[in-house]
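Structure first, then comments.
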Amino acid sequence: MCGIVGYIGNKTAADVILNGLNRLEYRGYDSSGIATIENKSIKISRAVGKIKNLYSAVQTEKFSGTVGVGHIRWATHGKPSEENAHPHTDCSGKIVIVHNGIIENYRQLKKELISSGHKFRSETDTEVIVHLIEKYYSGDILSAVKTAVKYLKGAYALGVISQDNPDVLIGVRYDAPLVVGVGEKEFFIASDIPALLPYTKKFIYLSDGDIVELKKDSCKIFDISDNITERKINTIEWDSLMAEKSGYKHFMLKEIMEQPQTIEDTFRGRLAVEDINEFFGEININPQTIRDINKISIVACGTSYHAGLIGKFLFESLSGISCETDIGSEFRYRDLIIDDKTLIIAISQSGETADTIAPLREAKKHGAKTLSICNVMGSTITRESSSTFYTRCGPEIGVASTKAFTGQLTALHLLALYFGIVRGKITKDLASKFIDSLIQIPHEISEILKKENEIKSIAKKFFKKSHFLYLGRGLNFPIALEGALKLKEISYIHAEGYASGEMKHGPIALIDENMPVVCIATIGRVYEKILSNIEEVKAREGIVIAVAT
Ligand code: F6R
């Protein structure tokens with residue numbers, strides 16, 4: 001989840017862009033950059049780390065142009081570094097772009113562009129876009145952009161400027177957010193409204209496939225079929241904080257609602273089961289290593305541990321590899337039986353959890369292979385693992401993990417699937433069917449999120465209860481643990497998650513007419529069993545809240 005700002009008008013572009021980038025800080029960033037057109041040439045500055053680093057660079061170098069683009073980067077392809085920070089330029093250095101999104105077919109495009117002589121300077125997927133524009137450029141930047149984007153697969157919001165077309169700022173939107181801010185003899189583009197609120201309250205929401213050509217006093221929008229089109233100008237009444245939360249009351253709620261998008265981003269470009277080598281290339285593991293291992297050991301904490309418990313089911317059933325999952329802070333104090341045939345998978349949203357880092361280090365001492373599933377590129381866990389599979393959820397600002405959890409589950413499904421294919425445990429045909437179901441999940445989650453009113457009415461009924469139980473079996477047992485954890489940390493209500501088969505071994509004594517029991521009863525192998533557990537709860541007059549298919 002990167003952020004883009006662009007400006008064309010009479011103000012100093014660098015001031016507007018830096019201010020805008022600063023206001024997009026909540027989207028998370030590890031580096032930032034800016035480019036403007038100064039006396040008919042392009043001037044660029046990029047910095048790793050805090051935006052204040054970019055501020056200092058811009059102040060020293062004195063940017064005074066009135067057209068420009070800027071970017072805050074949350075790394076997804078290539079580590080956070082100055083070379084990988086945007087803006088990126090073509091070989092001539094005359095065309096400049098900033099990009100938010102993921103280009104799925106960048107490896108293929110990069111190969112083709114390199115073989116036709118283009119020189120790449122970064123490890124990003126973004127750089128292919130600017131070289132493609134260069135390839136189709138013959139004096140008209142708008143038409144080059146229009147042609148180039150036809151070759152892109154994936155999600156992209158772009159800001160483009162070019163030295164030879166100094167009076168034009170181009171924006172493109174496809175499956176990634178981009179708004180146009182409308183001012184007096186000036187226009188803006190940005191990934192999100194808060195970036196521009198000090199300058200305008202008037203916004204145009206672009207539709208997917210739109211390309212906008214902005215000049216100081218004109219705005220031309222071309223739709224996906226290249227027809228000139230009109231889009232409504234909306235006036236925004238939100239204050240900046242409301243706008244940062246996209247109108248939601250809390251960041252956590254916003255992040256819950258983002259899940260259909262973050263899941264899709266996590267599997268985007270990673271579903272081509274025919275191309276095994278491509279997949280293992282991305283995670284930087286030799287497929288032979290996966291054939292050779294005889295055990296997977298997952299380590300993680302909190303919510304990531306719960307994702308790891310589900311990972312155990314997936315690796316055993318899809319990949320046929322024996323798997324155990326441990327809490328990070330416990331694992332390090334065990335007498336470990338691991339060796340170079342063990343693959344340690346560390347799962348962490350932040351990549352900085354000390355209790356997960358320590359076991360990773362310990363496992364390396366025993367010669368184990370290491371892989372991490374992580375959301376933050378360049379974090380300690382990713383640096384200390386031999387390879388990393390990134391979730392692409394964007395920063396999690398609400399402290400409780402929500403979208404990171406479902407991103408981790410998506411990553412675990414993909415890894416288990418590919419491990420299964422490479423080890424001959426599942427056929428590519430079966431994997432394709434599995435992927436067909438995976439692709440439906442964002443839509444299904446959207447449908448569930450529409451039930452907000454039903455969920456609120458249940459919450460209103462039970463919020464004064466002091467204790468809750470969560471029950472699940474099989475894959476749904478870790479989900480029960482995660483549900484109980486969320487209730488505890490967000491509502492301060494005591495909650496326990498149990499494997500429902502364990503009820504009769506003691507905890508059933510807790511159930512009476514005051515105990516709400518959340519039973520996860522989705523259709524599957526153990527459906528009949530959970531139904532009989534529900535009967536047990538009802539026999540004790542417990543209150544059943546069923547999460548059912
Ligand atoms: C719960 C939560 C924590 C984290 C745990 C691990 O909502 O957020 O339990 O899951 O602290 O953090 P990461 O995944 O960053 O290693």
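Naming works like this for the structure tokens: A, B, ... for the chains as they're shown, residue 1 at the start of each chain, ligands 1 onward in shown order.
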
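Neighbouring residues of Ile344 of chain A at 9 Å or closer, counting only C-alpha atoms and skipping chain neighbours under 2 positions away, are Lys295, Ile296, Ser297, Ile298, Val299, Thr342, Ala346, Leu360, Ala363, Lys364, Ala368, Lys369, Thr370, Leu371 and Ser372 of chain A.
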
Enumerate as an mmCIF file with N, CA, C and O atoms, in the first residue's frame the residues within 9 Å of ligand 1, counting only C-alpha atoms and all ligand atoms.
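Result file follows (out.cif):
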```cif
data_model
loop_
_atom_site.group_PDB
_atom_site.id
_atom_site.type_symbol
_atom_site.label_atom_id
_atom_site.label_comp_id
_atom_site.auth_asym_id
_atom_site.auth_seq_id
_atom_site.Cartn_x
_atom_site.Cartn_y
_atom_site.Cartn_z
ATOM 1 N N ALA A 300 5.619 -18.667 15.749
ATOM 2 C CA ALA A 300 4.954 -17.362 15.665
ATOM 3 C C ALA A 300 4.343 -17.033 17.022
ATOM 4 O O ALA A 300 4.364 -17.869 17.936
ATOM 5 N N CYS A 301 3.801 -15.819 17.128
ATOM 6 C CA CYS A 301 3.163 -15.403 18.386
ATOM 7 C C CYS A 301 1.763 -14.863 18.113
ATOM 8 O O CYS A 301 1.507 -14.338 17.018
ATOM 9 N N GLY A 302 0.914 -14.935 19.112
ATOM 10 C CA GLY A 302 -0.414 -14.301 19.073
ATOM 11 C C GLY A 302 -1.216 -14.745 17.861
ATOM 12 O O GLY A 302 -1.334 -15.934 17.549
ATOM 13 N N THR A 303 -1.740 -13.763 17.169
ATOM 14 C CA THR A 303 -2.569 -14.037 15.993
ATOM 15 C C THR A 303 -1.777 -14.810 14.935
ATOM 16 O O THR A 303 -2.301 -15.723 14.292
ATOM 17 N N SER A 304 -0.516 -14.449 14.764
ATOM 18 C CA SER A 304 0.301 -15.138 13.746
ATOM 19 C C SER A 304 0.469 -16.610 14.120
ATOM 20 O O SER A 304 0.529 -17.480 13.244
ATOM 21 N N TYR A 305 0.506 -16.904 15.428
ATOM 22 C CA TYR A 305 0.573 -18.300 15.887
ATOM 23 C C TYR A 305 -0.711 -19.036 15.484
ATOM 24 O O TYR A 305 -0.669 -20.178 15.020
ATOM 25 N N HIS A 306 -1.844 -18.350 15.631
ATOM 26 C CA HIS A 306 -3.106 -18.997 15.239
ATOM 27 C C HIS A 306 -3.111 -19.298 13.744
ATOM 28 O O HIS A 306 -3.580 -20.347 13.314
ATOM 29 N N ALA A 346 8.781 -18.847 9.979
ATOM 30 C CA ALA A 346 8.443 -17.826 10.985
ATOM 31 C C ALA A 346 7.341 -16.957 10.394
ATOM 32 O O ALA A 346 7.486 -16.453 9.280
ATOM 33 N N ILE A 347 6.241 -16.800 11.145
ATOM 34 C CA ILE A 347 5.137 -15.963 10.644
ATOM 35 C C ILE A 347 5.049 -14.713 11.517
ATOM 36 O O ILE A 347 5.001 -14.811 12.743
ATOM 37 N N SER A 348 5.027 -13.564 10.861
ATOM 38 C CA SER A 348 4.939 -12.321 11.633
ATOM 39 C C SER A 348 4.423 -11.188 10.752
ATOM 40 O O SER A 348 4.883 -11.015 9.627
ATOM 41 N N GLN A 349 3.461 -10.458 11.253
ATOM 42 C CA GLN A 349 2.995 -9.273 10.525
ATOM 43 C C GLN A 349 4.114 -8.253 10.465
ATOM 44 O O GLN A 349 4.514 -7.799 9.403
ATOM 45 N N SER A 350 4.635 -7.888 11.627
ATOM 46 C CA SER A 350 5.596 -6.781 11.722
ATOM 47 C C SER A 350 7.002 -7.173 11.312
ATOM 48 O O SER A 350 7.789 -6.340 10.881
ATOM 49 N N GLY A 351 7.341 -8.445 11.505
ATOM 50 C CA GLY A 351 8.716 -8.885 11.258
ATOM 51 C C GLY A 351 9.672 -8.449 12.358
ATOM 52 O O GLY A 351 10.896 -8.545 12.210
ATOM 53 N N GLU A 352 9.123 -7.942 13.465
ATOM 54 C CA GLU A 352 9.997 -7.421 14.521
ATOM 55 C C GLU A 352 9.701 -8.051 15.883
ATOM 56 O O GLU A 352 10.159 -7.537 16.905
ATOM 57 N N THR A 353 8.922 -9.104 15.949
ATOM 58 C CA THR A 353 8.545 -9.682 17.234
ATOM 59 C C THR A 353 9.716 -10.486 17.813
ATOM 60 O O THR A 353 10.126 -11.504 17.238
ATOM 61 N N ALA A 354 10.221 -10.017 18.955
ATOM 62 C CA ALA A 354 11.428 -10.619 19.533
ATOM 63 C C ALA A 354 11.233 -12.122 19.784
ATOM 64 O O ALA A 354 12.146 -12.924 19.550
ATOM 65 N N ASP A 355 10.039 -12.503 20.239
ATOM 66 C CA ASP A 355 9.784 -13.917 20.551
ATOM 67 C C ASP A 355 9.739 -14.789 19.291
ATOM 68 O O ASP A 355 9.743 -16.014 19.405
ATOM 69 N N THR A 356 9.630 -14.198 18.154
ATOM 70 C CA THR A 356 9.687 -14.977 16.906
ATOM 71 C C THR A 356 11.104 -14.932 16.322
ATOM 72 O O THR A 356 11.561 -15.897 15.693
ATOM 73 N N ILE A 357 11.783 -13.816 16.549
ATOM 74 C CA ILE A 357 13.154 -13.690 16.020
ATOM 75 C C ILE A 357 14.082 -14.694 16.722
ATOM 76 O O ILE A 357 14.898 -15.375 16.082
ATOM 77 N N CYS A 374 5.736 -12.682 5.997
ATOM 78 C CA CYS A 374 5.825 -11.404 6.691
ATOM 79 C C CYS A 374 5.159 -10.309 5.864
ATOM 80 O O CYS A 374 5.045 -10.408 4.646
ATOM 81 N N ASN A 375 4.748 -9.248 6.559
ATOM 82 C CA ASN A 375 4.052 -8.148 5.878
ATOM 83 C C ASN A 375 4.946 -6.931 5.676
ATOM 84 O O ASN A 375 4.562 -6.007 4.985
ATOM 85 N N GLY A 398 -4.526 -0.228 13.310
ATOM 86 C CA GLY A 398 -5.282 -0.747 14.460
ATOM 87 C C GLY A 398 -4.398 -1.829 15.071
ATOM 88 O O GLY A 398 -3.945 -2.706 14.352
ATOM 89 N N VAL A 399 -4.102 -1.746 16.343
ATOM 90 C CA VAL A 399 -3.066 -2.631 16.899
ATOM 91 C C VAL A 399 -3.422 -4.110 16.759
ATOM 92 O O VAL A 399 -2.573 -4.949 16.481
ATOM 93 N N ALA A 400 -4.708 -4.434 16.929
ATOM 94 C CA ALA A 400 -5.089 -5.848 16.841
ATOM 95 C C ALA A 400 -5.026 -6.312 15.389
ATOM 96 O O ALA A 400 -5.519 -5.649 14.487
ATOM 97 N N SER A 401 -4.419 -7.457 15.228
ATOM 98 C CA SER A 401 -4.217 -7.990 13.885
ATOM 99 C C SER A 401 -5.541 -8.455 13.286
ATOM 100 O O SER A 401 -6.259 -9.250 13.888
ATOM 101 N N THR A 402 -5.885 -7.961 12.116
ATOM 102 C CA THR A 402 -7.115 -8.431 11.443
ATOM 103 C C THR A 402 -6.772 -8.840 10.012
ATOM 104 O O THR A 402 -6.648 -10.017 9.704
ATOM 105 N N ALA A 404 -4.020 -8.735 8.569
ATOM 106 C CA ALA A 404 -2.753 -9.472 8.494
ATOM 107 C C ALA A 404 -3.010 -10.969 8.651
ATOM 108 O O ALA A 404 -2.373 -11.798 7.999
ATOM 109 N N PHE A 405 -3.962 -11.324 9.525
ATOM 110 C CA PHE A 405 -4.288 -12.734 9.776
ATOM 111 C C PHE A 405 -4.786 -13.396 8.494
ATOM 112 O O PHE A 405 -4.285 -14.448 8.084
ATOM 113 N N GLU A 482 -8.500 -17.614 17.832
ATOM 114 C CA GLU A 482 -8.317 -16.243 17.354
ATOM 115 C C GLU A 482 -9.530 -15.379 17.721
ATOM 116 O O GLU A 482 -9.373 -14.226 18.136
ATOM 117 N N LEU A 485 -9.215 -14.490 21.317
ATOM 118 C CA LEU A 485 -8.154 -13.480 21.511
ATOM 119 C C LEU A 485 -8.663 -12.087 21.131
ATOM 120 O O LEU A 485 -8.450 -11.115 21.861
ATOM 121 N N LYS A 486 -9.376 -12.001 20.006
ATOM 122 C CA LYS A 486 -9.876 -10.687 19.565
ATOM 123 C C LYS A 486 -10.858 -10.127 20.595
ATOM 124 O O LYS A 486 -10.819 -8.949 20.916
ATOM 125 N N GLU A 489 -8.895 -8.814 23.714
ATOM 126 C CA GLU A 489 -8.072 -7.603 23.625
ATOM 127 C C GLU A 489 -8.856 -6.372 23.192
ATOM 128 O O GLU A 489 -8.448 -5.257 23.471
ATOM 129 N N ILE A 490 -10.002 -6.571 22.543
ATOM 130 C CA ILE A 490 -10.761 -5.415 22.061
ATOM 131 C C ILE A 490 -11.901 -5.043 23.011
ATOM 132 O O ILE A 490 -12.210 -3.879 23.198
#
```

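Distance check against Ile439 of chain A using only C-alpha atoms: of A:Ile293, A:Met503, A:Ile458, A:Ile263, the minimum falls on A:Ile263.
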
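Take the candidates A:Phe63, A:Pro287, A:His131, A:Val376 and check each one against Tyr29 of chain A using only C-alpha atoms; the shortest distance goes to A:Val376.
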
Taking the DSSP secondary structure from the backbone, can you list the residues of segment 180-287 of chain A that are strand (DSSP E), as a JSON list (two decimals) with N, CA and C atoms, in the first residue's frame?
```json
[["chain", "number", "residue", "atom", "x", "y", "z"],
["A", 180, "VAL", "N", -8.63, 12.60, -8.37],
["A", 180, "VAL", "CA", -8.14, 13.87, -8.94],
["A", 180, "VAL", "C", -8.69, 14.98, -8.05],
["A", 181, "GLY", "N", -7.82, 15.86, -7.57],
["A", 181, "GLY", "CA", -8.26, 17.03, -6.81],
["A", 181, "GLY", "C", -8.39, 18.20, -7.77],
["A", 182, "VAL", "N", -9.49, 18.94, -7.63],
["A", 182, "VAL", "CA", -9.76, 20.03, -8.57],
["A", 182, "VAL", "C", -9.57, 21.36, -7.86],
["A", 187, "PHE", "N", -4.48, 21.27, -10.72],
["A", 187, "PHE", "CA", -5.05, 19.94, -10.48],
["A", 187, "PHE", "C", -4.06, 19.12, -9.66],
["A", 188, "PHE", "N", -4.61, 18.13, -9.00],
["A", 188, "PHE", "CA", -3.80, 17.25, -8.14],
["A", 188, "PHE", "C", -4.20, 15.81, -8.45],
["A", 189, "ILE", "N", -3.30, 14.88, -8.19],
["A", 189, "ILE", "CA", -3.73, 13.48, -8.11],
["A", 189, "ILE", "C", -3.21, 12.94, -6.77],
["A", 190, "ALA", "N", -3.93, 11.98, -6.23],
["A", 190, "ALA", "CA", -3.47, 11.37, -4.97],
["A", 190, "ALA", "C", -4.13, 10.01, -4.78],
["A", 202, "LYS", "N", -12.72, 19.48, -3.52],
["A", 202, "LYS", "CA", -13.41, 18.98, -4.72],
["A", 202, "LYS", "C", -12.62, 17.84, -5.34],
["A", 203, "PHE", "N", -13.30, 16.71, -5.50],
["A", 203, "PHE", "CA", -12.59, 15.52, -5.98],
["A", 203, "PHE", "C", -13.34, 14.80, -7.09],
["A", 204, "ILE", "N", -12.56, 14.23, -8.00],
["A", 204, "ILE", "CA", -13.15, 13.33, -9.00],
["A", 204, "ILE", "C", -12.64, 11.93, -8.68],
["A", 205, "TYR", "N", -13.56, 10.99, -8.53],
["A", 205, "TYR", "CA", -13.15, 9.58, -8.32],
["A", 205, "TYR", "C", -13.00, 8.95, -9.70],
["A", 211, "ILE", "N", -7.74, 7.01, -17.72],
["A", 211, "ILE", "CA", -6.45, 7.72, -17.84],
["A", 211, "ILE", "C", -6.80, 9.20, -17.89],
["A", 212, "VAL", "N", -6.15, 9.99, -17.03],
["A", 212, "VAL", "CA", -6.48, 11.42, -16.99],
["A", 212, "VAL", "C", -5.27, 12.24, -17.44],
["A", 213, "GLU", "N", -5.55, 13.18, -18.34],
["A", 213, "GLU", "CA", -4.49, 14.10, -18.78],
["A", 213, "GLU", "C", -4.78, 15.46, -18.16],
["A", 214, "LEU", "N", -3.89, 15.90, -17.28],
["A", 214, "LEU", "CA", -4.11, 17.16, -16.57],
["A", 214, "LEU", "C", -3.14, 18.22, -17.07],
["A", 215, "LYS", "N", -3.71, 19.40, -17.37],
["A", 215, "LYS", "CA", -2.88, 20.58, -17.63],
["A", 215, "LYS", "C", -3.34, 21.61, -16.61],
["A", 218, "SER", "N", -6.91, 22.38, -17.66],
["A", 218, "SER", "CA", -7.83, 21.41, -18.27],
["A", 218, "SER", "C", -7.65, 20.02, -17.69],
["A", 219, "CYS", "N", -8.74, 19.27, -17.73],
["A", 219, "CYS", "CA", -8.72, 17.89, -17.22],
["A", 219, "CYS", "C", -9.47, 17.03, -18.22],
["A", 220, "LYS", "N", -8.75, 16.13, -18.88],
["A", 220, "LYS", "CA", -9.40, 15.26, -19.86],
["A", 220, "LYS", "C", -9.32, 13.83, -19.37],
["A", 221, "ILE", "N", -10.48, 13.17, -19.27],
["A", 221, "ILE", "CA", -10.47, 11.78, -18.78],
["A", 221, "ILE", "C", -10.85, 10.84, -19.93],
["A", 222, "PHE", "N", -10.04, 9.80, -20.11],
["A", 222, "PHE", "CA", -10.33, 8.78, -21.12],
["A", 222, "PHE", "C", -10.70, 7.50, -20.39],
["A", 228, "ILE", "N", -13.37, 9.83, -24.51],
["A", 228, "ILE", "CA", -13.34, 10.97, -23.57],
["A", 228, "ILE", "C", -14.62, 10.91, -22.75],
["A", 229, "THR", "N", -14.46, 11.07, -21.43],
["A", 229, "THR", "CA", -15.63, 10.88, -20.57],
["A", 229, "THR", "C", -15.69, 11.96, -19.49],
["A", 234, "ASN", "N", -17.09, 15.73, -6.85],
["A", 234, "ASN", "CA", -17.74, 15.58, -5.53],
["A", 234, "ASN", "C", -17.12, 16.56, -4.54],
["A", 235, "THR", "N", -17.93, 17.08, -3.64],
["A", 235, "THR", "CA", -17.38, 17.95, -2.59],
["A", 235, "THR", "C", -17.35, 17.15, -1.29]]
```

Shell of 12 Å around Thr427 of chain A, only C-alpha atoms, local chain residues under 4 positions omitted, as a VMD selection string: chain A and resid 273 to 274 318 to 319 417 to 423 431 to 434

As a count of residues only, which residues of segment 261-424 of chain A does DSSP assign to alpha helix (DSSP H)? 75

Please, what distance in Å, to one decimal, runs between atom CA of Pro80 of chain A and atom CA of Met377 of chain A?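 These atoms are spaced 7.0 Å apart.
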
For Gln261 of chain A, which residue among A:Asp340, A:Glu444, A:Asp167, A:Glu134 is the nearest when counting only C-alpha atoms?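 Closest residue, counting only C-alpha atoms: A:Glu444.
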
Interatomic distance between atom CA of Ile37 of chain A and atom CA of Thr60 of chain A? 16.7 Å

Among the residues A:Ile170, A:Ile511, A:Leu487, A:Leu178, the one that comes closest to Ile8 of chain A [using only C-alpha atoms]: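 Smallest distance to Ile8 of chain A is found for A:Ile170.
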
Could you tell me which of A:Asp210, A:Asp140, A:Glu38, A:Glu82 comes closest to Glu61 of chain A if we count only C-alpha atoms?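 The shortest atom-to-atom distance to Glu61 of chain A comes from A:Glu38.
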
Long-range neighbours of Arg46 of chain A as a PyMOL selection string, 12 Å cut-off, only C-alpha atoms, 4 positions minimum in chain: chain A and resi 18+30-35+50-58+61+69-73+80-88+98

Now that the selection is made, can you save its residues with C-alpha atoms as a PDB file, in the first residue's frame?
```pdb
ATOM      1  CA  LEU A  18       5.669  16.797   0.405  1.00  0.00           C
ATOM      2  CA  ASP A  30       9.800   2.774   4.273  1.00  0.00           C
ATOM      3  CA  SER A  31      11.079   5.264   1.695  1.00  0.00           C
ATOM      4  CA  SER A  32       9.855   8.219  -0.311  1.00  0.00           C
ATOM      5  CA  GLY A  33      10.715  10.318  -3.320  1.00  0.00           C
ATOM      6  CA  ILE A  34       9.771  13.249  -5.491  1.00  0.00           C
ATOM      7  CA  ALA A  35      10.361  14.454  -9.070  1.00  0.00           C
ATOM      8  CA  LYS A  50      11.245   8.944   7.478  1.00  0.00           C
ATOM      9  CA  ILE A  51       9.695  11.611   5.242  1.00  0.00           C
ATOM     10  CA  LYS A  52      11.742  14.222   7.088  1.00  0.00           C
ATOM     11  CA  ASN A  53      14.767  12.740   5.281  1.00  0.00           C
ATOM     12  CA  LEU A  54      13.125  13.639   1.985  1.00  0.00           C
ATOM     13  CA  TYR A  55      12.250  17.106   3.315  1.00  0.00           C
ATOM     14  CA  SER A  56      15.920  17.793   4.109  1.00  0.00           C
ATOM     15  CA  ALA A  57      17.025  16.595   0.670  1.00  0.00           C
ATOM     16  CA  VAL A  58      14.422  18.756  -1.086  1.00  0.00           C
ATOM     17  CA  GLU A  61      18.488  20.942  -3.539  1.00  0.00           C
ATOM     18  CA  VAL A  69       4.940  13.665  -8.672  1.00  0.00           C
ATOM     19  CA  GLY A  70       5.836  12.106  -5.330  1.00  0.00           C
ATOM     20  CA  HIS A  71       5.589   8.736  -3.651  1.00  0.00           C
ATOM     21  CA  ILE A  72       5.771   7.005  -0.308  1.00  0.00           C
ATOM     22  CA  ARG A  73       6.725   3.392  -0.681  1.00  0.00           C
ATOM     23  CA  PRO A  80      13.542  -0.573   0.956  1.00  0.00           C
ATOM     24  CA  SER A  81      16.492   1.304  -0.557  1.00  0.00           C
ATOM     25  CA  GLU A  82      17.157   4.498  -2.470  1.00  0.00           C
ATOM     26  CA  GLU A  83      17.407   2.604  -5.790  1.00  0.00           C
ATOM     27  CA  ASN A  84      14.046   0.934  -5.220  1.00  0.00           C
ATOM     28  CA  ALA A  85      12.317   4.111  -3.989  1.00  0.00           C
ATOM     29  CA  HIS A  86      10.105   5.894  -6.518  1.00  0.00           C
ATOM     30  CA  PRO A  87      10.021   7.919  -8.753  1.00  0.00           C
ATOM     31  CA  HIS A  88      11.509   5.679 -11.430  1.00  0.00           C
ATOM     32  CA  VAL A  98       5.269   6.815  -9.488  1.00  0.00           C
TER      33      VAL A  98
END
```

Nearest to Ile129 of chain A among A:Ala509, A:Leu152, A:Leu449, A:Leu21, with distances taken over only C-alpha atoms: which residue is it?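 The answer is A:Leu152, which sits nearest to Ile129 of chain A.
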
Close residues, segment 276-284 of chain A itself excluded, 6 Å, only C-alpha atoms, min 2 positions apart in chain, as a list in words: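 Once the nearby chain positions are removed, what remains is Glu274, Ser387, Thr388 and Phe389 of chain A.
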
Do you know which residues are at most 10 Å from segment 465-471 of chain A counting only C-alpha atoms, after dropping those on the same chain fewer than 6 positions away, and could you put them as a VMD selection string? chain A and resid 477 to 485 487 to 488 492 to 503 507 510 to 511 514 to 521 530 533 to 534 542 to 546
